[in-house]
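structure_13.pdb (PDB, C-alpha atoms) appears below.
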```pdb
MODEL        1
ATOM      1  CA  MET C   1    -102.248  81.046 -45.172
ATOM      2  CA  VAL C   2    -102.862  80.405 -48.865
ATOM      3  CA  LEU C   3    -101.833  76.933 -49.959
ATOM      4  CA  PRO C   4    -100.122  76.567 -53.360
ATOM      5  CA  GLU C   5    -103.034  74.792 -55.057
ATOM      6  CA  THR C   6    -103.719  74.872 -58.786
ATOM      7  CA  THR C   7    -106.721  74.370 -61.011
ATOM      8  CA  ARG C   8    -107.167  73.781 -64.718
ATOM      9  CA  ILE C   9    -109.763  75.729 -66.683
ATOM     10  CA  GLU C  10    -110.976  74.484 -70.045
ATOM     11  CA  LEU C  11    -111.319  77.143 -72.752
ATOM     12  CA  GLU C  12    -112.962  77.255 -76.179
ATOM     13  CA  GLY C  13    -111.498  75.093 -78.904
ATOM     14  CA  GLY C  14    -109.934  72.547 -76.556
ATOM     15  CA  GLU C  15    -107.384  74.952 -75.067
ATOM     16  CA  TRP C  16    -106.805  75.130 -71.318
ATOM     17  CA  ILE C  17    -105.034  77.240 -68.719
ATOM     18  CA  ARG C  18    -103.558  76.103 -65.405
ATOM     19  CA  ILE C  19    -103.795  78.770 -62.723
ATOM     20  CA  LYS C  20    -103.206  79.260 -59.030
ATOM     21  CA  ARG C  21    -106.373  78.487 -57.103
ATOM     22  CA  ARG C  22    -105.862  81.594 -54.974
ATOM     23  CA  LEU C  23    -103.307  84.377 -54.814
ATOM     24  CA  ASN C  24    -101.496  85.045 -51.574
ATOM     25  CA  ALA C  25    -101.070  88.623 -50.340
ATOM     26  CA  GLY C  26     -97.672  89.067 -51.992
ATOM     27  CA  GLU C  27     -98.945  87.855 -55.374
ATOM     28  CA  SER C  28    -102.004  90.088 -55.124
ATOM     29  CA  TRP C  29     -99.901  93.134 -54.241
ATOM     30  CA  ALA C  30     -97.477  92.366 -57.069
ATOM     31  CA  ALA C  31    -100.396  92.259 -59.530
ATOM     32  CA  TYR C  32    -101.568  95.658 -58.301
ATOM     33  CA  THR C  33     -98.045  97.080 -58.522
ATOM     34  CA  ARG C  34     -97.780  95.888 -62.148
ATOM     35  CA  THR C  35    -100.621  98.320 -63.021
ATOM     36  CA  ILE C  36     -98.814 101.404 -61.723
ATOM     37  CA  LYS C  37     -97.259 103.675 -64.311
ATOM     38  CA  GLY C  38     -93.508 103.296 -64.252
ATOM     39  CA  GLY C  39     -93.815 100.217 -62.040
ATOM     40  CA  ALA C  40     -92.964 102.142 -58.858
ATOM     41  CA  ILE C  41     -94.709 104.171 -56.205
ATOM     42  CA  ILE C  42     -93.102 107.562 -55.781
ATOM     43  CA  GLN C  43     -93.580 109.013 -52.325
ATOM     44  CA  GLY C  44     -95.511 112.249 -52.306
ATOM     45  CA  HIS C  45     -96.961 111.719 -55.789
ATOM     46  CA  PRO C  46    -100.364 110.275 -56.572
ATOM     47  CA  ILE C  47    -100.327 106.690 -57.782
ATOM     48  CA  GLU C  48    -101.411 106.511 -61.402
ATOM     49  CA  ARG C  49    -102.588 103.240 -62.857
ATOM     50  CA  ASP C  50    -101.858 102.514 -66.487
ATOM     51  CA  PRO C  51    -105.038 101.220 -68.174
ATOM     52  CA  ASN C  52    -102.894  99.319 -70.695
ATOM     53  CA  LEU C  53    -101.528  97.174 -67.873
ATOM     54  CA  LEU C  54    -104.843  96.378 -66.158
ATOM     55  CA  PRO C  55    -106.016  93.491 -68.392
ATOM     56  CA  THR C  56    -102.841  91.450 -68.003
ATOM     57  CA  ALA C  57    -101.849  92.142 -64.376
ATOM     58  CA  LYS C  58    -104.242  89.632 -62.810
ATOM     59  CA  ALA C  59    -103.715  87.077 -65.575
ATOM     60  CA  VAL C  60     -99.937  87.211 -65.097
ATOM     61  CA  ALA C  61    -100.370  86.710 -61.338
ATOM     62  CA  TYR C  62    -102.620  83.661 -61.757
ATOM     63  CA  LEU C  63    -101.230  81.888 -64.839
ATOM     64  CA  LEU C  64     -98.933  78.903 -64.391
ATOM     65  CA  ASP C  65     -99.202  77.118 -67.740
ATOM     66  CA  TRP C  66    -101.415  76.682 -70.787
ATOM     67  CA  SER C  67    -101.904  74.631 -73.924
ATOM     68  CA  PHE C  68    -101.408  77.397 -76.498
ATOM     69  CA  THR C  69     -99.027  76.933 -79.395
ATOM     70  CA  ASP C  70     -97.495  79.281 -81.955
ATOM     71  CA  PRO C  71     -98.479  79.181 -85.668
ATOM     72  CA  ALA C  72     -95.874  76.448 -86.258
ATOM     73  CA  GLY C  73     -97.473  74.273 -83.564
ATOM     74  CA  ARG C  74     -94.707  74.750 -80.978
ATOM     75  CA  PRO C  75     -95.816  75.237 -77.361
ATOM     76  CA  ILE C  76     -95.742  78.829 -76.106
ATOM     77  CA  ALA C  77     -93.896  78.200 -72.854
ATOM     78  CA  ILE C  78     -94.929  80.257 -69.837
ATOM     79  CA  ALA C  79     -94.323  77.755 -67.013
ATOM     80  CA  ASN C  80     -91.722  79.135 -64.599
ATOM     81  CA  GLN C  81     -91.222  82.236 -66.742
ATOM     82  CA  PRO C  82     -90.926  85.794 -65.383
ATOM     83  CA  PRO C  83     -94.031  88.000 -65.479
ATOM     84  CA  GLU C  84     -92.708  89.974 -68.462
ATOM     85  CA  VAL C  85     -92.579  86.817 -70.606
ATOM     86  CA  ILE C  86     -96.118  85.798 -69.646
ATOM     87  CA  GLU C  87     -97.432  89.304 -70.313
ATOM     88  CA  ALA C  88     -95.730  89.418 -73.729
ATOM     89  CA  ALA C  89     -97.227  86.037 -74.612
ATOM     90  CA  ILE C  90    -100.746  87.173 -73.673
ATOM     91  CA  ARG C  91    -100.335  90.400 -75.645
ATOM     92  CA  SER C  92     -99.290  88.394 -78.737
ATOM     93  CA  PHE C  93    -102.711  86.713 -78.982
ATOM     94  CA  ASP C  94    -105.674  88.035 -80.902
ATOM     95  CA  PRO C  95    -107.947  90.128 -78.650
ATOM     96  CA  ALA C  96    -110.670  87.463 -78.418
ATOM     97  CA  THR C  97    -108.234  84.866 -77.063
ATOM     98  CA  ALA C  98    -106.632  87.298 -74.623
ATOM     99  CA  TRP C  99    -110.055  88.353 -73.328
ATOM    100  CA  GLU C 100    -111.168  84.714 -73.037
ATOM    101  CA  ILE C 101    -108.178  84.003 -70.787
ATOM    102  CA  GLN C 102    -108.891  87.110 -68.716
ATOM    103  CA  ALA C 103    -112.612  86.321 -68.429
ATOM    104  CA  ALA C 104    -111.910  82.743 -67.306
ATOM    105  CA  ILE C 105    -109.550  84.013 -64.605
ATOM    106  CA  ASP C 106    -112.045  86.705 -63.530
ATOM    107  CA  ARG C 107    -114.835  84.088 -63.224
ATOM    108  CA  HIS C 108    -112.559  81.812 -61.229
ATOM    109  CA  ASP C 109    -111.508  84.690 -58.952
ATOM    110  CA  ALA C 110    -115.148  85.695 -58.351
ATOM    111  CA  ASP C 111    -116.129  82.077 -57.581
ATOM    112  CA  GLU C 112    -113.252  81.777 -55.087
ATOM    113  CA  GLU C 113    -114.313  85.004 -53.351
ATOM    114  CA  ILE C 114    -117.862  83.650 -52.988
ATOM    115  CA  ALA C 115    -116.508  80.382 -51.566
ATOM    116  CA  ILE C 116    -114.318  82.287 -49.088
ATOM    117  CA  ASP C 117    -117.292  84.407 -47.972
ATOM    118  CA  GLU C 118    -119.457  81.288 -47.554
ATOM    119  CA  GLU C 119    -116.743  79.618 -45.467
ATOM    120  CA  LYS C 120    -116.516  82.706 -43.244
ATOM    121  CA  LYS C 121    -120.302  82.631 -42.741
ATOM    122  CA  ARG C 122    -120.215  78.922 -41.830
ATOM    123  CA  ARG C 123    -117.418  79.495 -39.324
ATOM    124  CA  SER C 124    -119.124  82.473 -37.692
ATOM    125  CA  SER C 125    -122.545  80.780 -37.493
ATOM    126  CA  ALA C 126    -120.950  77.681 -35.964
ATOM    127  CA  THR C 127    -119.644  79.740 -33.040
ATOM    128  CA  ILE C 128    -121.617  78.949 -29.919
ATOM    129  CA  SER C 129    -121.720  81.477 -27.132
ATOM    130  CA  GLY C 130    -121.063  80.409 -23.578
ATOM    131  CA  PRO C 131    -123.708  80.722 -20.877
ATOM    132  CA  ALA C 132    -124.844  84.219 -19.964
ATOM    133  CA  TRP C 133    -123.591  85.380 -16.573
ATOM    134  CA  PRO C 134    -126.087  86.822 -14.121
ATOM    135  CA  SER C 135    -125.989  90.557 -13.685
ATOM    136  CA  VAL C 136    -123.831  91.827 -10.811
ATOM    137  CA  ALA C 137    -126.618  94.285  -9.901
ATOM    138  CA  THR C 138    -129.065  91.524  -8.935
TER     139      THR C 138
ENDMDL
END
```
What would you get if you wrote out this structure as structure tokens?
Amino acid sequence: MVLPETTRIELEGGEWIRIKRRLNAGESWAAYTRTIKGGAIIQGHPIERDPNLLPTAKAVAYLLDWSFTDPAGRPIAIANQPPEVIEAAIRSFDPATAWEIQAAIDRHDADEEIAIDEEKKRRSSATISGPAWPSVAT
């Protein structure tokens, strides 16, 4: 089970993002579904992913809040907003800022995957086998 933990990532220029530490299965599947053309899977037809949706799908799944403001200095609110609002906010940034957000989330995601793999290795190496039974043939 994935616990609802968060983490804050510092960005260039004093900005920050608050993200989910890990996605659960439903959030991960929803991110994948957001990349499908038309937003639906049509039975009997190949699934086509829209490359325009790929950069924001993971970011929308992870993002909870951030420190960004509009040109007038007002906060750009994304906390508790639907995915469409978060995606529109990301797409309103200059490309460098949008890619910085995406890269920070990608690094975090990769680090979490490494930590999960390391934990699995520790658990499996800690398993101690019971005593070997003598062969029935002897």
Care to translate the PyMOL selection byres ((chain C and resi 91) around 12) into actual residues of this file, as a PDB file with C-alpha atoms, in the coordinates of the input?
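expr.pdb written:
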```pdb
ATOM      1  CA  ASN C  52    -102.894  99.319 -70.695  1.00  0.00           C
ATOM      2  CA  LEU C  53    -101.528  97.174 -67.873  1.00  0.00           C
ATOM      3  CA  PRO C  55    -106.016  93.491 -68.392  1.00  0.00           C
ATOM      4  CA  THR C  56    -102.841  91.450 -68.003  1.00  0.00           C
ATOM      5  CA  ALA C  57    -101.849  92.142 -64.376  1.00  0.00           C
ATOM      6  CA  ALA C  59    -103.715  87.077 -65.575  1.00  0.00           C
ATOM      7  CA  VAL C  60     -99.937  87.211 -65.097  1.00  0.00           C
ATOM      8  CA  GLU C  84     -92.708  89.974 -68.462  1.00  0.00           C
ATOM      9  CA  VAL C  85     -92.579  86.817 -70.606  1.00  0.00           C
ATOM     10  CA  ILE C  86     -96.118  85.798 -69.646  1.00  0.00           C
ATOM     11  CA  GLU C  87     -97.432  89.304 -70.313  1.00  0.00           C
ATOM     12  CA  ALA C  88     -95.730  89.418 -73.729  1.00  0.00           C
ATOM     13  CA  ALA C  89     -97.227  86.037 -74.612  1.00  0.00           C
ATOM     14  CA  ILE C  90    -100.746  87.173 -73.673  1.00  0.00           C
ATOM     15  CA  SER C  92     -99.290  88.394 -78.737  1.00  0.00           C
ATOM     16  CA  PHE C  93    -102.711  86.713 -78.982  1.00  0.00           C
ATOM     17  CA  ASP C  94    -105.674  88.035 -80.902  1.00  0.00           C
ATOM     18  CA  PRO C  95    -107.947  90.128 -78.650  1.00  0.00           C
ATOM     19  CA  ALA C  96    -110.670  87.463 -78.418  1.00  0.00           C
ATOM     20  CA  THR C  97    -108.234  84.866 -77.063  1.00  0.00           C
ATOM     21  CA  ALA C  98    -106.632  87.298 -74.623  1.00  0.00           C
ATOM     22  CA  TRP C  99    -110.055  88.353 -73.328  1.00  0.00           C
ATOM     23  CA  ILE C 101    -108.178  84.003 -70.787  1.00  0.00           C
ATOM     24  CA  GLN C 102    -108.891  87.110 -68.716  1.00  0.00           C
TER      25      GLN C 102
END
```
*Applied to this file, what does the PyMOL selection byres ((chain C and resi 31) around 6) return in terms of residues, put as a list of chain:residue names?*
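On this input, the PyMOL selection byres ((chain C and resi 31) around 6) captures C:Ser28, C:Trp29, C:Ala30, C:Tyr32, C:Thr33, C:Arg34, C:Ala57, C:Lys58, C:Ala61.
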*How many Å lie between atom CA of Asp106 of chain C and atom CA of Gly73 of chain C, rounded to one decimal?*
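Here the two named atoms are 27.7 Å from each other.
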*Could you work out how far atom CA of Ile19 of chain C lies from atom CA of Leu64 of chain C, giving the answer in Å with one decimal?*
5.1 Å
*Have a look at C:Ile47, C:Leu23, C:Ile9, C:Ala115 and name the one nearest to Trp66 of chain C; count only C-alpha atoms.*
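Of all the options, C:Ile9 lies closest to Trp66 of chain C.
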*Taking into account only C-alpha atoms, which residue in the set C:His45, C:Ala77, C:Arg22, C:Tyr62 is nearest to Leu3 of chain C?*
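Going through C:His45, C:Ala77, C:Arg22, C:Tyr62 one by one, the smallest distance to Leu3 of chain C is for C:Arg22.
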*From C:Ser124, C:Ile17, C:Ile114, C:Leu54, residue lying nearest Thr35 of chain C [all atoms listed in the file]*: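 Among C:Ser124, C:Ile17, C:Ile114, C:Leu54, it is C:Leu54 that comes nearest to Thr35 of chain C.
Across the model, the gap from atom CA of Glu48 of chain C to atom CA of Leu63 of chain C is 24.9 Å.
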